[in-house]
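K.L.:
Below is upload10.cif; it holds mmCIF, C-alpha atoms.
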```
data_my_file
#
loop_
_atom_site.group_PDB
_atom_site.id
_atom_site.type_symbol
_atom_site.label_atom_id
_atom_site.label_comp_id
_atom_site.auth_asym_id
_atom_site.auth_seq_id
_atom_site.Cartn_x
_atom_site.Cartn_y
_atom_site.Cartn_z
ATOM 1 C CA MET D 1 76.086 -45.373 -41.098
ATOM 2 C CA SER D 2 73.704 -44.875 -44.003
ATOM 3 C CA GLY D 3 73.759 -41.484 -45.690
ATOM 4 C CA SER D 4 70.033 -41.034 -44.987
ATOM 5 C CA LYS D 5 70.365 -41.095 -41.193
ATOM 6 C CA LEU D 6 69.195 -37.843 -39.589
ATOM 7 C CA MET D 7 70.269 -36.111 -36.383
ATOM 8 C CA ARG D 8 69.473 -33.114 -34.200
ATOM 9 C CA ALA D 9 71.755 -30.115 -34.657
ATOM 10 C CA ILE D 10 71.770 -26.374 -34.062
ATOM 11 C CA ARG D 11 71.698 -24.436 -37.348
ATOM 12 C CA VAL D 12 72.354 -20.730 -37.953
ATOM 13 C CA SER D 13 70.756 -19.347 -41.137
ATOM 14 C CA GLU D 14 71.403 -15.647 -40.426
ATOM 15 C CA PHE D 15 73.794 -13.696 -38.205
ATOM 16 C CA GLY D 16 72.260 -12.013 -35.180
ATOM 17 C CA ALA D 17 71.108 -12.418 -31.566
ATOM 18 C CA PRO D 18 71.178 -15.777 -29.719
ATOM 19 C CA SER D 19 67.660 -16.465 -31.049
ATOM 20 C CA VAL D 20 69.137 -17.262 -34.513
ATOM 21 C CA LEU D 21 70.375 -20.560 -33.026
ATOM 22 C CA ARG D 22 67.675 -22.997 -34.185
ATOM 23 C CA LEU D 23 67.376 -26.652 -33.233
ATOM 24 C CA CYS D 24 66.672 -28.795 -36.313
ATOM 25 C CA SER D 25 65.951 -32.512 -36.116
ATOM 26 C CA ASP D 26 66.250 -33.334 -39.823
ATOM 27 C CA VAL D 27 69.962 -32.651 -40.403
ATOM 28 C CA PRO D 28 71.765 -35.462 -42.291
ATOM 29 C CA VAL D 29 74.504 -37.209 -40.289
ATOM 30 C CA PRO D 30 77.799 -36.253 -41.973
ATOM 31 C CA GLN D 31 80.043 -38.967 -43.439
ATOM 32 C CA PRO D 32 83.777 -39.173 -42.713
ATOM 33 C CA GLY D 33 85.977 -38.609 -45.761
ATOM 34 C CA HIS D 34 89.710 -39.230 -46.183
ATOM 35 C CA ARG D 35 91.573 -38.676 -42.853
ATOM 36 C CA GLN D 36 88.299 -37.756 -41.125
ATOM 37 C CA VAL D 37 86.598 -39.151 -38.016
ATOM 38 C CA LEU D 38 82.844 -39.359 -37.346
ATOM 39 C CA ILE D 39 82.110 -38.807 -33.641
ATOM 40 C CA ARG D 40 78.925 -39.452 -31.689
ATOM 41 C CA VAL D 41 78.863 -36.312 -29.559
ATOM 42 C CA HIS D 42 78.140 -36.636 -25.831
ATOM 43 C CA ALA D 43 79.028 -33.028 -24.873
ATOM 44 C CA CYS D 44 80.410 -29.944 -26.576
ATOM 45 C CA GLY D 45 81.980 -26.766 -25.271
ATOM 46 C CA VAL D 46 80.522 -23.286 -25.705
ATOM 47 C CA ASN D 47 83.165 -20.578 -26.248
ATOM 48 C CA PRO D 48 82.764 -16.781 -26.264
ATOM 49 C CA VAL D 49 84.200 -16.633 -29.802
ATOM 50 C CA GLU D 50 81.190 -18.651 -31.022
ATOM 51 C CA THR D 51 78.892 -15.848 -29.859
ATOM 52 C CA TYR D 52 80.912 -13.281 -31.865
ATOM 53 C CA ILE D 53 80.788 -15.487 -34.982
ATOM 54 C CA ARG D 54 77.023 -15.986 -34.541
ATOM 55 C CA ALA D 55 76.502 -12.226 -34.154
ATOM 56 C CA GLY D 56 78.445 -11.613 -37.388
ATOM 57 C CA THR D 57 81.002 -9.384 -35.626
ATOM 58 C CA TYR D 58 83.982 -11.753 -35.883
ATOM 59 C CA ALA D 59 86.724 -11.405 -38.516
ATOM 60 C CA ARG D 60 85.872 -14.783 -40.055
ATOM 61 C CA LYS D 61 82.290 -15.480 -41.104
ATOM 62 C CA PRO D 62 81.293 -19.049 -41.990
ATOM 63 C CA PRO D 63 79.051 -19.529 -45.042
ATOM 64 C CA LEU D 64 75.379 -19.775 -44.020
ATOM 65 C CA PRO D 65 73.733 -21.954 -42.887
ATOM 66 C CA TYR D 66 76.204 -23.508 -40.445
ATOM 67 C CA THR D 67 76.397 -25.448 -37.174
ATOM 68 C CA PRO D 68 78.537 -23.676 -34.513
ATOM 69 C CA GLY D 69 81.183 -25.149 -32.277
ATOM 70 C CA THR D 70 84.590 -26.783 -32.291
ATOM 71 C CA ASP D 71 85.301 -28.761 -29.118
ATOM 72 C CA VAL D 72 83.333 -31.943 -28.593
ATOM 73 C CA ALA D 73 83.818 -35.058 -26.504
ATOM 74 C CA GLY D 74 82.298 -38.360 -27.486
ATOM 75 C CA VAL D 75 82.878 -41.769 -29.014
ATOM 76 C CA VAL D 76 84.279 -42.534 -32.462
ATOM 77 C CA GLU D 77 81.424 -43.896 -34.604
ATOM 78 C CA ALA D 78 83.419 -44.497 -37.803
ATOM 79 C CA VAL D 79 86.677 -43.456 -39.435
ATOM 80 C CA GLY D 80 87.468 -42.489 -43.009
ATOM 81 C CA GLU D 81 90.235 -43.856 -45.167
ATOM 82 C CA GLY D 82 93.773 -43.196 -43.897
ATOM 83 C CA VAL D 83 92.865 -42.766 -40.195
ATOM 84 C CA THR D 84 95.162 -44.802 -37.925
ATOM 85 C CA ALA D 85 95.382 -42.905 -34.611
ATOM 86 C CA VAL D 86 91.810 -43.699 -33.459
ATOM 87 C CA LYS D 87 89.212 -46.391 -34.185
ATOM 88 C CA ALA D 88 85.464 -46.927 -33.700
ATOM 89 C CA GLY D 89 84.609 -47.110 -29.996
ATOM 90 C CA ASP D 90 87.453 -44.854 -28.784
ATOM 91 C CA ARG D 91 86.625 -42.042 -26.352
ATOM 92 C CA VAL D 92 87.919 -38.783 -27.848
ATOM 93 C CA PHE D 93 87.852 -34.986 -27.713
ATOM 94 C CA THR D 94 88.447 -32.464 -30.514
ATOM 95 C CA THR D 95 90.074 -29.067 -31.014
ATOM 96 C CA ALA D 96 88.127 -28.386 -34.232
ATOM 97 C CA THR D 97 85.370 -29.935 -36.335
ATOM 98 C CA GLU D 98 84.508 -29.821 -40.021
ATOM 99 C CA SER D 99 80.726 -29.996 -39.654
ATOM 100 C CA GLY D 100 80.117 -28.141 -36.345
ATOM 101 C CA ALA D 101 79.937 -29.271 -32.730
ATOM 102 C CA TYR D 102 76.410 -28.362 -31.600
ATOM 103 C CA ALA D 103 75.060 -31.629 -33.015
ATOM 104 C CA GLU D 104 74.543 -35.305 -32.178
ATOM 105 C CA TYR D 105 77.271 -36.291 -34.645
ATOM 106 C CA THR D 106 80.229 -34.378 -36.016
ATOM 107 C CA VAL D 107 83.054 -34.968 -38.462
ATOM 108 C CA ALA D 108 86.577 -33.819 -37.563
ATOM 109 C CA ALA D 109 89.968 -34.036 -39.280
ATOM 110 C CA ASP D 110 91.997 -36.817 -37.652
ATOM 111 C CA ASP D 111 94.758 -34.415 -36.521
ATOM 112 C CA CYS D 112 92.137 -32.512 -34.472
ATOM 113 C CA VAL D 113 90.961 -35.650 -32.663
ATOM 114 C CA HIS D 114 92.663 -36.733 -29.427
ATOM 115 C CA LYS D 115 92.065 -39.681 -27.103
ATOM 116 C CA LEU D 116 90.206 -38.901 -23.872
ATOM 117 C CA PRO D 117 91.575 -40.789 -20.832
ATOM 118 C CA SER D 118 89.015 -42.740 -18.818
ATOM 119 C CA ALA D 119 89.750 -40.583 -15.736
ATOM 120 C CA LEU D 120 87.847 -37.684 -17.371
ATOM 121 C CA ASP D 121 84.138 -37.737 -18.209
ATOM 122 C CA PHE D 122 82.673 -36.401 -21.475
ATOM 123 C CA ASN D 123 81.655 -33.055 -19.967
ATOM 124 C CA GLN D 124 85.263 -32.519 -18.861
ATOM 125 C CA GLY D 125 86.444 -33.709 -22.274
ATOM 126 C CA ALA D 126 84.349 -30.983 -23.917
ATOM 127 C CA ALA D 127 86.188 -28.431 -21.739
ATOM 128 C CA ILE D 128 89.681 -29.313 -22.993
ATOM 129 C CA GLY D 129 89.906 -28.419 -26.693
ATOM 130 C CA ILE D 130 89.764 -24.638 -27.021
ATOM 131 C CA PRO D 131 90.635 -23.650 -23.403
ATOM 132 C CA TYR D 132 93.757 -25.733 -22.838
ATOM 133 C CA PHE D 133 95.184 -25.436 -26.355
ATOM 134 C CA THR D 134 94.610 -21.650 -26.231
ATOM 135 C CA ALA D 135 96.239 -21.358 -22.788
ATOM 136 C CA TYR D 136 99.265 -23.343 -24.002
ATOM 137 C CA ARG D 137 99.568 -21.248 -27.170
ATOM 138 C CA ALA D 138 99.413 -18.008 -25.159
ATOM 139 C CA LEU D 139 101.889 -19.084 -22.478
ATOM 140 C CA ILE D 140 104.407 -21.117 -24.493
ATOM 141 C CA HIS D 141 104.204 -20.366 -28.205
ATOM 142 C CA LYS D 142 103.489 -16.633 -27.909
ATOM 143 C CA ALA D 143 104.804 -15.373 -24.532
ATOM 144 C CA HIS D 144 107.684 -17.917 -24.318
ATOM 145 C CA THR D 145 107.081 -18.107 -20.563
ATOM 146 C CA LYS D 146 109.878 -19.555 -18.429
ATOM 147 C CA PRO D 147 109.705 -21.311 -15.030
ATOM 148 C CA GLY D 148 110.135 -18.778 -12.210
ATOM 149 C CA GLU D 149 108.322 -15.960 -14.026
ATOM 150 C CA THR D 150 105.175 -14.353 -12.620
ATOM 151 C CA VAL D 151 101.993 -14.716 -14.670
ATOM 152 C CA LEU D 152 98.701 -12.844 -14.176
ATOM 153 C CA ILE D 153 95.615 -14.527 -15.599
ATOM 154 C CA HIS D 154 93.151 -11.678 -15.980
ATOM 155 C CA GLY D 155 89.760 -13.408 -15.921
ATOM 156 C CA ALA D 156 90.964 -16.687 -14.481
ATOM 157 C CA SER D 157 87.674 -18.356 -13.539
ATOM 158 C CA GLY D 158 86.399 -19.131 -17.071
ATOM 159 C CA GLY D 159 87.346 -22.044 -19.316
ATOM 160 C CA VAL D 160 90.617 -20.609 -20.676
ATOM 161 C CA GLY D 161 91.399 -18.987 -17.314
ATOM 162 C CA VAL D 162 91.177 -22.230 -15.336
ATOM 163 C CA ALA D 163 93.264 -23.980 -18.021
ATOM 164 C CA ALA D 164 95.894 -21.210 -17.846
ATOM 165 C CA CYS D 165 96.042 -21.463 -14.014
ATOM 166 C CA GLN D 166 96.552 -25.229 -14.024
ATOM 167 C CA LEU D 167 99.090 -25.071 -16.863
ATOM 168 C CA SER D 168 101.029 -22.146 -15.345
ATOM 169 C CA ARG D 169 101.315 -23.921 -11.998
ATOM 170 C CA ALA D 170 102.523 -27.111 -13.703
ATOM 171 C CA LEU D 171 105.110 -25.081 -15.666
ATOM 172 C CA GLY D 172 106.648 -23.648 -12.491
ATOM 173 C CA LEU D 173 105.313 -20.080 -12.666
ATOM 174 C CA LYS D 174 104.143 -17.813 -9.848
ATOM 175 C CA VAL D 175 100.433 -17.676 -10.640
ATOM 176 C CA LEU D 176 98.154 -14.707 -9.886
ATOM 177 C CA GLY D 177 94.536 -14.774 -11.038
ATOM 178 C CA THR D 178 91.562 -12.422 -11.095
ATOM 179 C CA ALA D 179 87.829 -13.136 -10.995
ATOM 180 C CA GLY D 180 84.672 -11.064 -10.572
ATOM 181 C CA THR D 181 82.979 -12.988 -7.743
ATOM 182 C CA SER D 182 84.057 -14.602 -4.470
ATOM 183 C CA GLU D 183 83.017 -17.992 -5.929
ATOM 184 C CA GLY D 184 85.257 -17.303 -8.931
ATOM 185 C CA MET D 185 88.196 -16.374 -6.674
ATOM 186 C CA LYS D 186 87.836 -19.641 -4.722
ATOM 187 C CA LEU D 187 87.773 -21.539 -8.017
ATOM 188 C CA VAL D 188 90.957 -19.775 -9.174
ATOM 189 C CA LEU D 189 92.783 -20.629 -5.931
ATOM 190 C CA SER D 190 91.712 -24.269 -6.073
ATOM 191 C CA ASN D 191 93.046 -24.591 -9.642
ATOM 192 C CA GLY D 192 96.646 -23.532 -9.272
ATOM 193 C CA ALA D 193 96.733 -19.805 -8.510
ATOM 194 C CA HIS D 194 98.948 -18.766 -5.590
ATOM 195 C CA GLN D 195 96.825 -15.631 -5.065
ATOM 196 C CA ALA D 196 93.467 -14.381 -6.348
ATOM 197 C CA PHE D 197 92.138 -10.825 -6.730
ATOM 198 C CA ASN D 198 88.668 -9.416 -7.404
ATOM 199 C CA HIS D 199 88.859 -7.342 -10.591
ATOM 200 C CA ARG D 200 85.630 -5.548 -9.644
ATOM 201 C CA GLU D 201 87.272 -4.081 -6.539
ATOM 202 C CA GLU D 202 88.598 -0.517 -6.532
ATOM 203 C CA GLY D 203 92.404 -0.509 -6.403
ATOM 204 C CA TYR D 204 92.857 -4.232 -7.135
ATOM 205 C CA THR D 205 95.794 -3.533 -9.494
ATOM 206 C CA GLN D 206 97.691 -1.973 -6.574
ATOM 207 C CA LYS D 207 97.203 -5.208 -4.592
ATOM 208 C CA ILE D 208 98.558 -7.198 -7.559
ATOM 209 C CA MET D 209 101.645 -4.959 -7.729
ATOM 210 C CA GLU D 210 102.173 -5.439 -3.982
ATOM 211 C CA ALA D 211 102.026 -9.223 -4.507
ATOM 212 C CA THR D 212 104.973 -8.870 -6.921
ATOM 213 C CA GLU D 213 106.847 -6.642 -4.409
ATOM 214 C CA GLY D 214 106.682 -3.857 -6.978
ATOM 215 C CA LYS D 215 108.567 -5.818 -9.658
ATOM 216 C CA GLY D 216 105.514 -6.211 -11.881
ATOM 217 C CA ILE D 217 104.158 -9.079 -13.951
ATOM 218 C CA ASP D 218 106.187 -10.941 -16.578
ATOM 219 C CA VAL D 219 103.251 -12.343 -18.561
ATOM 220 C CA ILE D 220 99.558 -11.419 -18.559
ATOM 221 C CA VAL D 221 96.964 -13.714 -20.148
ATOM 222 C CA GLU D 222 94.144 -11.279 -20.947
ATOM 223 C CA MET D 223 90.519 -12.373 -21.510
ATOM 224 C CA LEU D 224 88.914 -8.910 -21.742
ATOM 225 C CA SER D 225 91.485 -6.622 -23.309
ATOM 226 C CA ASN D 226 88.974 -3.928 -24.281
ATOM 227 C CA VAL D 227 88.575 -3.244 -20.537
ATOM 228 C CA ASN D 228 91.974 -4.128 -19.072
ATOM 229 C CA LEU D 229 94.757 -3.551 -21.609
ATOM 230 C CA SER D 230 95.763 -0.064 -20.448
ATOM 231 C CA LYS D 231 95.979 -1.248 -16.806
ATOM 232 C CA ASP D 232 97.849 -4.378 -17.922
ATOM 233 C CA LEU D 233 100.612 -2.351 -19.590
ATOM 234 C CA GLN D 234 101.171 -0.415 -16.368
ATOM 235 C CA MET D 235 101.474 -3.627 -14.305
ATOM 236 C CA LEU D 236 104.121 -5.278 -16.491
ATOM 237 C CA ALA D 237 107.721 -5.834 -15.456
ATOM 238 C CA PHE D 238 110.542 -4.812 -17.807
ATOM 239 C CA GLY D 239 110.247 -6.939 -20.961
ATOM 240 C CA GLY D 240 106.753 -8.060 -19.937
ATOM 241 C CA ARG D 241 104.237 -9.503 -22.391
ATOM 242 C CA VAL D 242 100.448 -9.224 -22.599
ATOM 243 C CA THR D 243 98.818 -12.038 -24.575
ATOM 244 C CA VAL D 244 95.406 -10.995 -25.887
ATOM 245 C CA VAL D 245 93.081 -14.007 -25.750
ATOM 246 C CA GLY D 246 89.733 -12.201 -25.574
ATOM 247 C CA CYS D 247 88.352 -8.827 -26.655
ATOM 248 C CA ARG D 248 84.865 -7.375 -27.039
ATOM 249 C CA GLY D 249 85.628 -3.943 -28.496
ATOM 250 C CA SER D 250 88.212 -1.178 -28.702
ATOM 251 C CA ILE D 251 90.256 0.579 -26.024
ATOM 252 C CA GLU D 252 92.531 3.596 -25.882
ATOM 253 C CA ILE D 253 96.085 2.921 -24.652
ATOM 254 C CA ASN D 254 99.200 5.060 -24.329
ATOM 255 C CA PRO D 255 101.956 3.451 -26.468
ATOM 256 C CA ARG D 256 104.512 5.114 -24.152
ATOM 257 C CA ASP D 257 103.594 2.448 -21.598
ATOM 258 C CA THR D 258 105.173 -0.150 -23.922
ATOM 259 C CA MET D 259 108.288 1.988 -24.454
ATOM 260 C CA ALA D 260 108.857 2.519 -20.721
ATOM 261 C CA LYS D 261 109.364 -1.227 -20.202
ATOM 262 C CA GLU D 262 110.037 -2.488 -23.742
ATOM 263 C CA SER D 263 106.893 -4.566 -23.313
ATOM 264 C CA SER D 264 104.886 -6.424 -25.957
ATOM 265 C CA ILE D 265 101.211 -6.892 -26.777
ATOM 266 C CA ILE D 266 100.732 -10.233 -28.527
ATOM 267 C CA GLY D 267 97.533 -11.467 -30.161
ATOM 268 C CA VAL D 268 96.606 -15.136 -29.709
ATOM 269 C CA ALA D 269 94.462 -17.084 -32.195
ATOM 270 C CA LEU D 270 94.387 -20.873 -31.969
ATOM 271 C CA PHE D 271 93.267 -20.987 -35.615
ATOM 272 C CA PHE D 272 96.835 -20.197 -36.747
ATOM 273 C CA SER D 273 98.518 -23.093 -34.901
ATOM 274 C CA LYS D 274 100.879 -25.147 -37.075
ATOM 275 C CA PRO D 275 100.436 -28.964 -36.999
ATOM 276 C CA GLU D 276 103.708 -29.425 -35.104
ATOM 277 C CA GLU D 277 102.613 -26.853 -32.478
ATOM 278 C CA THR D 278 99.307 -28.685 -31.990
ATOM 279 C CA LYS D 279 101.153 -31.991 -31.646
ATOM 280 C CA GLU D 280 103.539 -30.570 -29.044
ATOM 281 C CA CYS D 281 100.661 -29.070 -27.063
ATOM 282 C CA ALA D 282 98.616 -32.292 -27.218
ATOM 283 C CA ALA D 283 101.574 -34.295 -25.874
ATOM 284 C CA LEU D 284 102.044 -32.004 -22.867
ATOM 285 C CA LEU D 285 98.314 -31.869 -22.121
ATOM 286 C CA TYR D 286 98.008 -35.650 -22.323
ATOM 287 C CA ALA D 287 100.848 -35.921 -19.804
ATOM 288 C CA GLY D 288 98.863 -33.490 -17.603
ATOM 289 C CA MET D 289 95.778 -35.701 -17.819
ATOM 290 C CA GLU D 290 97.851 -38.759 -16.860
ATOM 291 C CA ALA D 291 99.608 -36.913 -14.016
ATOM 292 C CA GLY D 292 96.298 -35.513 -12.753
ATOM 293 C CA TRP D 293 96.999 -31.761 -12.829
ATOM 294 C CA LEU D 294 94.844 -31.225 -15.925
ATOM 295 C CA ARG D 295 91.345 -31.257 -14.429
ATOM 296 C CA PRO D 296 88.806 -29.300 -16.499
ATOM 297 C CA VAL D 297 86.218 -27.453 -14.437
ATOM 298 C CA VAL D 298 82.753 -27.682 -15.953
ATOM 299 C CA GLY D 299 80.496 -24.743 -15.153
ATOM 300 C CA SER D 300 76.973 -24.268 -16.520
ATOM 301 C CA GLN D 301 75.520 -27.215 -18.456
ATOM 302 C CA TYR D 302 72.638 -26.949 -20.932
ATOM 303 C CA PRO D 303 70.774 -29.434 -23.120
ATOM 304 C CA LEU D 304 71.331 -28.920 -26.875
ATOM 305 C CA GLU D 305 67.942 -27.201 -27.308
ATOM 306 C CA LYS D 306 69.012 -24.471 -24.841
ATOM 307 C CA ALA D 307 72.010 -23.361 -26.948
ATOM 308 C CA ALA D 308 70.551 -19.836 -27.312
ATOM 309 C CA GLN D 309 70.334 -19.521 -23.506
ATOM 310 C CA ALA D 310 73.944 -20.718 -23.194
ATOM 311 C CA HIS D 311 75.061 -18.028 -25.689
ATOM 312 C CA HIS D 312 73.186 -15.346 -23.755
ATOM 313 C CA ASP D 313 74.533 -16.432 -20.364
ATOM 314 C CA ILE D 314 78.199 -16.827 -21.343
ATOM 315 C CA ILE D 315 78.322 -13.129 -22.297
ATOM 316 C CA GLU D 316 75.941 -11.674 -19.702
ATOM 317 C CA CYS D 317 76.913 -13.693 -16.598
ATOM 318 C CA PRO D 318 78.354 -11.630 -13.700
ATOM 319 C CA GLY D 319 81.374 -13.920 -13.348
ATOM 320 C CA ALA D 320 82.527 -17.072 -15.115
ATOM 321 C CA ALA D 321 82.926 -20.306 -13.153
ATOM 322 C CA GLY D 322 84.404 -22.995 -15.379
ATOM 323 C CA LYS D 323 83.553 -24.036 -18.910
ATOM 324 C CA THR D 324 80.036 -23.810 -20.354
ATOM 325 C CA VAL D 325 78.953 -27.101 -21.926
ATOM 326 C CA LEU D 326 76.054 -28.371 -24.072
ATOM 327 C CA ILE D 327 74.947 -31.948 -23.390
ATOM 328 C CA MET D 328 73.365 -34.215 -25.998
#
```
For the structure just supplied, provide its representation as structure tokens.

P.N.:
Amino acid sequence: MSGSKLMRAIRVSEFGAPSVLRLCSDVPVPQPGHRQVLIRVHACGVNPVETYIRAGTYARKPPLPYTPGTDVAGVVEAVGEGVTAVKAGDRVFTTATESGAYAEYTVAADDCVHKLPSALDFNQGAAIGIPYFTAYRALIHKAHTKPGETVLIHGASGGVGVAACQLSRALGLKVLGTAGTSEGMKLVLSNGAHQAFNHREEGYTQKIMEATEGKGIDVIVEMLSNVNLSKDLQMLAFGGRVTVVGCRGSIEINPRDTMAKESSIIGVALFFSKPEETKECAALLYAGMEAGWLRPVVGSQYPLEKAAQAHHDIIECPGAAGKTVLIM
């Protein structure tokens, strides 16, 4: 790859509305440095957190200008010095990138690059990185979930939700999921949930409690804590845990609800994963791909130039149905 080669990429020069996502066709192709991998991107995932970063409302702000995105799937174009796990021509997916994912090429650290089995296509590969590693971190590293426990995935039809359903079922949990549409509920049931509930329905929390025979939920994976956290605390069993995966604002809760059951509210941020945690997670997920229970569900797909539309839709859609993906 010569340093002068150019590519198409989305660039953000100011924080703001989706319209700040600009397609540029004169961005230099990045070069892989020590322990880095250059990937020709075929598809990349769009995650809600990327919309918060773009809006400038997230805790971490990248220096401007930047290219958004972390999880890509594609083919290794070249490797830097010291890379041994993958080689040019390998099909791979990533959990993070150095140069941004919404682009025709990206550079990633070699410990963030994982082989993509031939059973999964690139669109599915782009739906693995953030969703499945986040679901594993929430369920295993943070909630310390055990087989036989009951888990509620609150917002189970999106990328992380589907991942959490499949993973929970494989780990031997009783899996309950919520969605906002009948299509979403069908999706949840076909991806590992034993029962599905419509979180737009009046009194749905009562139905969830009935499904546990009044015992309550051991672990809740929460995608919209600014709406649901207070209700979540009331649905927990004794010693129950809520893992906060997603939030779009503040909420008032009564701390007494945590005292009544000695329950915990635990924040989840994939960014803080230690290398050994990532390795452990990757090993289990790879086994899931080989066994066939890890089957990413791809939802809306957009060409790269429609990134702004993808950012609008992922926040404004009435109900998620799988992972949103950009295609090169």

K.L.:
Rank D:Val297, D:Met328, D:Ile217, D:Cys247 by their smallest atom-to-atom distance to Ala127 in chain D, using only C-alpha atoms, and report the top residue only.

P.N.:
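Of D:Val297, D:Met328, D:Ile217, D:Cys247, the one nearest Ala127 in chain D, counting only C-alpha atoms, is D:Val297.
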
K.L.:
Run the PyMOL selection byres ((chain D and resi 96-111) around 8) on the file and write out the hits as an MDAnalysis selection string.

P.N.:
chainID D and resid 7:10 29:32 35:42 44 66:72 83 85 94:95 112:114 129 275 304 326 328

K.L.:
May I ask for the distance between CA of Met235 in chain D and CA of Glu210 in chain D, given in Å to one decimal place?

P.N.:
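If I compute the distance from CA of Met235 in chain D to CA of Glu210 in chain D, I get 10.5 Å.
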
K.L.:
Around all the atoms of range 170-188 of chain D listed in the file, with 3 Å of room on each side, what axis-aligned box do you get, giving centre and edge lengths in Å to one decimal, as lines of an AutoDock Vina configuration file?

P.N.:
```
center_x = 94.8
center_y = -19.1
center_z = -10.1
size_x = 29.7
size_y = 22.0
size_z = 17.2
```

K.L.:
Closest to Glu305 in chain D among D:Ala282, D:Ile327, D:Cys165, D:Leu120, using only C-alpha atoms?

P.N.:
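Closest to Glu305 in chain D of all the choices is D:Ile327.
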
K.L.:
Between D:Met259, D:Leu21, D:Leu6, D:Ala283, which is the closest to Glu50 in chain D once you count only C-alpha atoms?

P.N.:
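The answer is D:Leu21, which sits nearest to Glu50 in chain D.
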
K.L.:
Can you work out the spacing between CA of Gly16 in chain D and CA of Ile315 in chain D in Å, to one decimal?

P.N.:
14.3 Å
